[in-house]
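Colleague: Structure supplied as protein17.cif; contents: mmCIF, C-alpha atoms and all ligand atoms.
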```
data_data
loop_
_atom_site.label_atom_id
_atom_site.label_comp_id
_atom_site.auth_asym_id
_atom_site.auth_seq_id
_atom_site.Cartn_x
_atom_site.Cartn_y
_atom_site.Cartn_z
CA MET A 1 45.58 -34.39 39.24
CA ARG A 2 44.22 -30.97 38.76
CA TRP A 3 41.55 -30.29 41.29
CA SER A 4 39.40 -27.35 41.95
CA ARG A 5 38.45 -26.39 45.41
CA THR A 6 34.88 -25.66 44.62
CA GLY A 7 32.72 -27.92 46.67
CA ARG A 8 29.10 -27.38 47.48
CA GLU A 9 28.76 -25.36 50.60
CA SER A 10 25.32 -26.89 51.03
CA ASP A 11 27.02 -30.26 51.58
CA LEU A 12 28.88 -28.93 54.58
CA GLU A 13 28.04 -28.49 58.21
CA ASP A 14 30.95 -26.82 59.90
CA ARG A 15 30.86 -27.25 63.66
CA ARG A 16 34.44 -26.40 64.33
CA GLY A 17 33.52 -23.07 65.77
CA ALA A 18 30.80 -24.50 67.96
CA SER A 19 31.31 -25.25 71.58
CA GLY A 20 31.55 -28.92 70.79
CA GLY A 21 29.01 -30.45 73.10
CA ARG A 22 30.09 -32.60 75.97
CA GLY A 23 33.57 -33.55 76.79
CA GLY A 24 34.95 -30.34 78.11
CA GLY A 25 38.27 -29.22 76.77
CA LEU A 26 38.62 -30.11 73.17
CA GLY A 27 42.18 -29.10 72.71
CA ARG A 28 44.72 -31.48 71.39
CA LEU A 29 43.43 -34.95 71.64
CA PRO A 30 45.56 -37.77 72.79
CA ALA A 31 46.96 -39.48 69.77
CA ALA A 32 44.96 -42.53 70.52
CA GLY A 33 45.68 -45.69 68.66
CA GLY A 34 42.27 -45.48 67.14
CA GLY A 35 41.52 -43.55 64.08
CA LEU A 36 43.65 -45.43 61.67
CA GLY A 37 41.12 -48.15 61.49
CA ILE A 38 39.45 -47.26 58.29
CA VAL A 39 42.40 -45.97 56.50
CA GLY A 40 45.48 -47.65 57.77
CA VAL A 41 45.81 -49.80 54.73
CA LEU A 42 44.32 -47.43 52.28
CA ILE A 43 46.45 -44.47 53.06
CA VAL A 44 49.54 -46.29 52.05
CA LEU A 45 47.76 -47.77 49.12
CA ALA A 46 46.52 -44.44 47.92
CA ILE A 47 49.85 -42.77 48.21
CA GLN A 48 51.53 -45.55 46.34
CA LEU A 49 48.94 -45.49 43.61
CA LEU A 50 49.78 -41.94 42.91
CA GLY A 51 53.43 -42.63 42.74
CA GLY A 52 53.90 -39.83 45.20
CA GLY A 53 53.59 -36.22 44.38
CA SER A 54 51.81 -36.54 41.10
CA GLY A 55 48.39 -36.28 42.60
CA PHE A 56 46.60 -33.62 44.46
CA SER A 57 48.63 -30.70 45.47
CA VAL A 58 49.02 -30.61 49.17
CA PRO A 59 46.68 -28.24 50.88
CA SER A 60 48.91 -25.71 52.43
CA GLY A 61 48.37 -23.84 55.59
CA PHE A 62 47.16 -26.72 57.67
CA ASP A 63 49.27 -26.42 60.73
CA GLY A 64 47.44 -29.03 62.73
CA SER A 65 46.93 -26.77 65.63
CA THR A 66 43.87 -27.45 67.64
CA GLN A 67 42.49 -24.31 69.02
CA ALA A 68 40.16 -23.87 71.87
CA PRO A 69 36.65 -24.05 70.55
CA ALA A 70 35.07 -20.74 69.93
CA SER A 71 31.44 -19.97 70.21
CA ASP A 72 31.11 -18.61 66.69
CA PRO A 73 31.81 -20.06 63.26
CA ILE A 74 35.32 -19.51 62.06
CA PRO A 75 35.58 -16.72 59.51
CA ALA A 76 37.30 -17.97 56.38
CA SER A 77 39.98 -15.37 56.74
CA GLN A 78 40.84 -16.68 60.18
CA ASP A 79 40.56 -20.37 59.46
CA PRO A 80 44.00 -21.98 59.72
CA ASP A 81 42.65 -25.08 58.04
CA LYS A 82 40.85 -23.36 55.23
CA ASP A 83 42.66 -25.22 52.46
CA LEU A 84 42.03 -28.60 54.02
CA ARG A 85 38.44 -27.66 54.69
CA ASP A 86 37.96 -26.61 51.09
CA PHE A 87 39.75 -29.68 49.78
CA SER A 88 37.68 -32.01 51.93
CA LEU A 89 34.49 -30.37 50.81
CA TYR A 90 35.55 -30.48 47.19
CA VAL A 91 36.22 -34.21 47.37
CA PHE A 92 33.06 -34.88 49.31
CA SER A 93 30.96 -33.01 46.76
CA ASP A 94 32.74 -34.58 43.82
CA VAL A 95 32.21 -38.08 45.16
CA GLN A 96 28.55 -37.30 45.67
CA ASP A 97 28.25 -35.83 42.19
CA THR A 98 29.64 -39.07 40.85
CA TRP A 99 27.08 -41.07 42.77
CA THR A 100 24.30 -38.75 41.72
CA ARG A 101 25.06 -39.56 38.09
CA THR A 102 25.30 -43.25 38.82
CA PHE A 103 21.97 -43.29 40.60
CA GLN A 104 20.37 -41.28 37.82
CA ASP A 105 21.60 -43.76 35.26
CA ALA A 106 19.86 -46.45 37.26
CA GLY A 107 16.66 -44.46 37.48
CA ARG A 108 17.07 -43.63 41.14
CA SER A 109 17.58 -40.43 43.00
CA TYR A 110 20.53 -39.86 45.24
CA ASP A 111 19.98 -38.13 48.56
CA ARG A 112 23.07 -36.20 49.42
CA ALA A 113 24.79 -36.79 52.73
CA LYS A 114 26.35 -33.98 54.67
CA LEU A 115 29.92 -33.57 55.72
CA VAL A 116 30.29 -32.47 59.32
CA LEU A 117 33.58 -30.90 60.27
CA TYR A 118 34.09 -30.87 63.98
CA ARG A 119 36.83 -30.58 66.49
CA GLY A 120 37.47 -33.07 69.25
CA GLY A 121 34.01 -34.43 69.76
CA THR A 122 30.46 -33.84 68.70
CA ASP A 123 26.98 -35.22 69.08
CA THR A 124 25.84 -37.44 66.25
CA GLY A 125 22.73 -39.42 65.44
CA CYS A 126 24.78 -42.45 66.44
CA GLY A 127 25.96 -41.23 69.81
CA PHE A 128 28.81 -39.01 70.81
CA GLY A 129 31.48 -38.97 68.15
CA GLN A 130 35.13 -38.52 68.98
CA ALA A 131 37.98 -37.61 66.76
CA ALA A 132 40.09 -40.39 68.21
CA THR A 133 38.01 -42.94 66.39
CA GLY A 134 38.75 -41.41 63.03
CA PRO A 135 36.33 -40.36 60.34
CA PHE A 136 33.02 -42.16 60.33
CA TYR A 137 29.60 -42.22 58.75
CA CYS A 138 26.43 -42.22 60.81
CA PRO A 139 23.52 -43.80 58.93
CA ALA A 140 20.96 -42.43 61.35
CA ASP A 141 21.60 -38.83 60.37
CA GLN A 142 23.28 -39.46 57.01
CA ARG A 143 26.38 -37.53 57.90
CA VAL A 144 30.07 -38.11 57.53
CA TYR A 145 31.99 -36.85 60.57
CA LEU A 146 35.49 -35.60 60.05
CA ASP A 147 37.93 -33.94 62.39
CA LEU A 148 40.58 -32.21 60.33
CA SER A 149 43.23 -33.02 62.91
CA PHE A 150 43.14 -36.52 61.51
CA TRP A 151 45.22 -35.16 58.67
CA ASN A 152 48.07 -34.76 61.08
CA GLU A 153 47.70 -38.25 62.40
CA MET A 154 47.87 -39.64 58.91
CA GLU A 155 50.85 -37.58 58.00
CA ARG A 156 52.70 -38.21 61.21
CA THR A 157 52.14 -41.91 61.18
CA LEU A 158 52.85 -42.48 57.55
CA GLN A 159 55.23 -39.64 56.96
CA ALA A 160 53.73 -38.87 53.63
CA PRO A 161 51.53 -36.15 52.32
CA GLY A 162 48.21 -37.81 52.04
CA ASP A 163 46.13 -35.80 49.66
CA PHE A 164 44.77 -38.70 47.77
CA ALA A 165 44.70 -40.83 50.87
CA TRP A 166 42.57 -38.17 52.46
CA ALA A 167 40.31 -38.12 49.45
CA TYR A 168 40.11 -41.86 49.62
CA VAL A 169 38.97 -41.74 53.23
CA VAL A 170 36.22 -39.36 52.30
CA ALA A 171 35.16 -41.51 49.36
CA HIS A 172 35.09 -44.61 51.55
CA GLU A 173 32.77 -42.90 54.02
CA VAL A 174 30.47 -41.74 51.24
CA GLY A 175 30.50 -45.37 50.16
CA HIS A 176 28.83 -46.20 53.46
CA HIS A 177 26.20 -43.60 52.68
CA VAL A 178 25.56 -45.27 49.35
CA GLN A 179 25.15 -48.57 51.16
CA ASN A 180 22.66 -46.90 53.43
CA LEU A 181 20.67 -45.47 50.52
CA LEU A 182 20.64 -48.79 48.71
CA GLY A 183 19.46 -50.62 51.80
CA THR A 184 22.58 -52.73 51.97
CA SER A 185 23.41 -51.63 55.49
CA ASP A 186 19.92 -52.52 56.68
CA GLU A 187 20.07 -55.92 55.08
CA VAL A 188 23.38 -56.56 56.74
CA ASP A 189 22.01 -55.45 60.10
CA GLN A 190 19.13 -57.88 59.74
CA LEU A 191 21.42 -60.70 58.78
CA ARG A 192 23.65 -59.85 61.68
CA ARG A 193 20.77 -60.06 64.11
CA LYS A 194 19.64 -63.32 62.64
CA ASN A 195 23.09 -64.85 62.64
CA PRO A 196 25.22 -63.13 65.24
CA GLY A 197 28.04 -65.50 64.50
CA ASP A 198 28.35 -64.05 61.02
CA GLY A 199 28.65 -60.50 62.26
CA ASN A 200 32.31 -60.18 61.65
CA THR A 201 32.19 -61.65 58.19
CA LEU A 202 29.33 -59.40 57.24
CA SER A 203 31.17 -56.37 58.51
CA VAL A 204 34.16 -57.27 56.42
CA ARG A 205 32.01 -57.56 53.34
CA LEU A 206 30.43 -54.21 54.04
CA GLU A 207 33.79 -52.55 54.50
CA LEU A 208 35.25 -54.13 51.40
CA GLN A 209 32.31 -52.85 49.43
CA ALA A 210 32.95 -49.34 50.72
CA ASP A 211 36.56 -49.76 49.58
CA CYS A 212 35.30 -50.84 46.19
CA TYR A 213 32.96 -47.88 46.02
CA ALA A 214 35.85 -45.60 46.85
CA GLY A 215 37.65 -47.22 43.96
CA VAL A 216 34.71 -46.45 41.72
CA TRP A 217 35.15 -42.80 42.51
CA ALA A 218 38.92 -43.02 42.18
CA ARG A 219 38.37 -44.30 38.68
CA SER A 220 36.53 -41.14 37.82
CA VAL A 221 39.48 -39.10 38.97
CA PHE A 222 42.45 -41.19 38.00
CA ASP A 223 41.82 -43.12 34.89
CA GLN A 224 45.36 -44.31 34.60
CA LEU A 225 46.32 -46.62 37.42
CA GLN A 226 49.32 -48.74 36.71
CA ASP A 227 49.84 -52.30 37.78
CA GLY A 228 53.25 -51.56 39.19
CA ASP A 229 51.73 -49.03 41.53
CA ILE A 230 49.21 -51.55 42.68
CA GLU A 231 51.84 -54.12 43.51
CA GLU A 232 53.85 -51.55 45.40
CA ALA A 233 50.78 -50.62 47.30
CA MET A 234 50.14 -54.20 48.18
CA ARG A 235 53.56 -54.53 49.70
CA ALA A 236 53.31 -51.23 51.47
CA SER A 237 49.94 -52.09 52.87
CA GLN A 238 51.43 -54.98 54.76
CA SER A 239 53.24 -52.52 56.94
CA VAL A 240 49.99 -51.44 58.48
CA GLY A 241 48.88 -54.51 60.28
CA ASP A 242 45.90 -55.71 62.16
CA ASP A 243 47.33 -54.47 65.41
CA ARG A 244 46.67 -50.93 64.33
CA LEU A 245 43.22 -51.78 63.13
CA GLN A 246 42.39 -53.52 66.33
CA ARG A 247 43.53 -50.68 68.48
CA SER A 248 40.57 -48.73 67.26
CA ALA A 249 38.18 -51.37 68.51
CA GLY A 250 36.02 -50.72 71.49
CA GLN A 251 34.77 -47.32 70.41
CA ARG A 252 31.07 -46.97 70.50
CA VAL A 253 30.23 -44.76 67.61
CA ASN A 254 32.49 -45.61 64.78
CA PRO A 255 31.16 -48.28 62.45
CA ASP A 256 34.62 -48.44 61.03
CA THR A 257 35.96 -50.15 64.07
CA PHE A 258 34.64 -53.36 62.65
CA THR A 259 37.02 -55.71 61.05
CA HIS A 260 37.87 -54.53 57.60
CA GLY A 261 39.44 -57.52 56.01
CA SER A 262 43.03 -58.17 55.17
CA SER A 263 45.22 -55.81 53.27
CA ALA A 264 45.05 -58.10 50.28
CA GLN A 265 41.28 -58.16 50.37
CA ARG A 266 41.03 -54.42 50.62
CA LEU A 267 43.42 -53.95 47.76
CA LYS A 268 41.58 -56.48 45.68
CA TRP A 269 38.30 -54.66 46.06
CA PHE A 270 39.78 -51.27 45.56
CA LYS A 271 41.25 -52.55 42.33
CA ARG A 272 37.97 -54.03 41.31
CA GLY A 273 36.13 -50.77 41.87
CA SER A 274 38.70 -48.66 40.16
CA SER A 275 39.27 -50.96 37.20
CA ARG A 276 36.07 -50.03 35.41
CA GLY A 277 34.41 -47.57 37.74
CA GLU A 278 31.31 -49.74 37.79
CA PRO A 279 29.48 -50.07 41.11
CA ALA A 280 28.03 -53.32 39.85
CA ASP A 281 31.49 -54.78 40.20
CA CYS A 282 31.32 -54.21 43.93
CA ASP A 283 29.23 -57.18 44.99
CA THR A 284 31.17 -58.26 48.02
CA PHE A 285 28.29 -60.32 49.33
CA SER A 286 28.43 -63.17 46.87
CA GLY A 287 31.00 -65.87 47.13
CA ASP A 288 34.43 -65.41 48.52
CA VAL A 289 35.93 -62.02 49.06
ZN ZN B 301 34.26 -48.11 56.55
#
```
Re-express the file's structure as C-alpha cells.
Modeller:
Amino acid sequence: MRWSRTGRESDLEDRRGASGGRGGGLGRLPAAGGGLGIVGVLIVLAIQLLGGGSGFSVPSGFDGSTQAPASDPIPASQDPDKDLRDFSLYVFSDVQDTWTRTFQDAGRSYDRAKLVLYRGGTDTGCGFGQAATGPFYCPADQRVYLDLSFWNEMERTLQAPGDFAWAYVVAHEVGHHVQNLLGTSDEVDQLRRKNPGDGNTLSVRLELQADCYAGVWARSVFDQLQDGDIEEAMRASQSVGDDRLQRSAGQRVNPDTFTHGSSAQRLKWFKRGSSRGEPADCDTFSGDV
C-alpha cells in the first residue's frame, strides 16, 4: 500500500517530551506480559493478510530506545521515532476521516478523538495509564493512548515488521471511540451494571465490534483481501493464545484487558467488517458471535 505520512497535527497530543507525571523514572519499561492483549491475535492476522512485505513500508529510524523524559517537546529533527510518530498519526487521521464520512452519510457528525503519544506512563481521564498495558482508549477524555515503544514489543514478540498490524491497533482503538460516540459503550455499561454476570460476554461483544470496525477501515485501505490470506491468518492466530491475553489482566486503566473473544471470533468479525466496509455489518450484539 502506498501511504502518505500526512496526518492531521490537530489530532495529536504529543506528551513524549513532557515529564510524564507520576511514576518516576520512565526509562525502559519492564517487558511486562501485558500489552499484547488487544493485539495479540490481530498482529499476526494483519501481517498474514498482507502476505508480508506488500503493505506499508516499514517506518525506518525507530530504534526503540527509550530516553529519559525531557521537559520540552521533542523537536522533529531530534525525534528518533519521527517516522513511527508520523505513521501513527497518519493512520489515526485516516481512520477518523473514514468515520467522518460514514457518520456524514448517516446524517451525524463525528467528533474527532485525539491521539496521545506518551512515554512510560501518563495521566488520563481514566486513571494513570501505563505503557505496559498496551494501547488503549479512554472514553472519559476521548483519547487514544499510545506509547511508541509498543512497536518494539510487537516486533520482538512476533518477529515481524508490523506496519499494518500497528495500523490495525490504531484502528481498533478508534473503533472504541466510535462506540463511545454512538452510545454503544454506555449501553453496555448499563447492561453490565444490571447483569454483572454478563459482563464478560458483553465485553467480548464490544471488543469484537471494535475488531469489526477496524476491518471496516481496513477495507478502505486494502480492497483486495484474499481468502488464502485469511485462512493463514486464522492458523497463525492460534499461536497467540489466551495465556498472553490473560497476562494483561489486572491493569486498572486499560479497557482492553477485558476478554476479547477467541481467535476465531476475532477473525470472523474482522472479516465481516472488511468484506464490505459497512459498519452496519458490525452488530455483534445480536445473536451468537
Ligand atoms: Zn479493544
Colleague: Between A:Phe285, A:Trp217, A:Tyr118, A:Phe136, which one has atoms that come closest to ligand ZN 301 (chain B), using all atoms listed in the file?
Modeller: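 That would be A:Phe136, the residue with the smallest distance to ligand ZN 301 (chain B).
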Colleague: Return the single residue from A:Val169, A:Leu202, A:Leu182, A:Val216 that is closest to ligand ZN 301 (chain B), with distances computed using all atoms listed in the file.
Modeller: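 For ligand ZN 301 (chain B), the nearest of the candidates is A:Val169.
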Colleague: Calculated over only C-alpha atoms, which of the candidates A:Ser220, A:Thr122, A:Gln190, A:Thr6 has the smallest distance to Arg101 of chain A?
Modeller: A:Ser220
Colleague: Box for segment 273-278 of chain A: with edges along x, y and z, all listed atoms inside and 5 Å added on each side, what are the centre and edge lengths in Å to one decimal, as lines of an AutoDock Vina configuration file?
Modeller:
```
center_x = 35.3
center_y = -49.3
center_z = 38.6
size_x = 18.0
size_y = 13.4
size_z = 16.5
```
Colleague: Rounded to one decimal in Å, what is the spacing between atom CA of Gly277 of chain A and atom CA of Asp147 of chain A?
Modeller: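 Pair atom CA of Gly277 of chain A / atom CA of Asp147 of chain A returns 28.4 Å.
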Colleague: Would you please work out which residue, of A:Leu181, A:Ala171, A:Val144, A:Val289, is nearest to Arg108 of chain A when using all atoms listed in the file?
Modeller: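 Ranked by minimum distance to Arg108 of chain A, first place goes to A:Leu181.
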Colleague: Rank nothing, just name the residue among A:Ser263, A:Gln78, A:Thr284, A:Ser93 nearest to Val170 of chain A, using all atoms listed in the file.
Modeller: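 That would be A:Ser93, the residue with the smallest distance to Val170 of chain A.
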Colleague: Which one is closest to Val91 of chain A: A:Ala167, A:Asp123, A:Gly261, A:Cys212? Count all atoms listed in the file.
Modeller: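 Distance minimum relative to Val91 of chain A lands on A:Ala167.
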Colleague: Could you work out how far atom CA of Gly175 of chain A lies from atom CA of Asp211 of chain A, giving the answer in Å with one decimal?
Modeller: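 Atom CA of Asp211 of chain A sits 7.5 Å away from atom CA of Gly175 of chain A.
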Colleague: Work out how far atom CA of Val116 of chain A is from atom CA of Tyr145 of chain A, in Å to one decimal.
Modeller: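 Distance reported for this atom pair: 4.9 Å.
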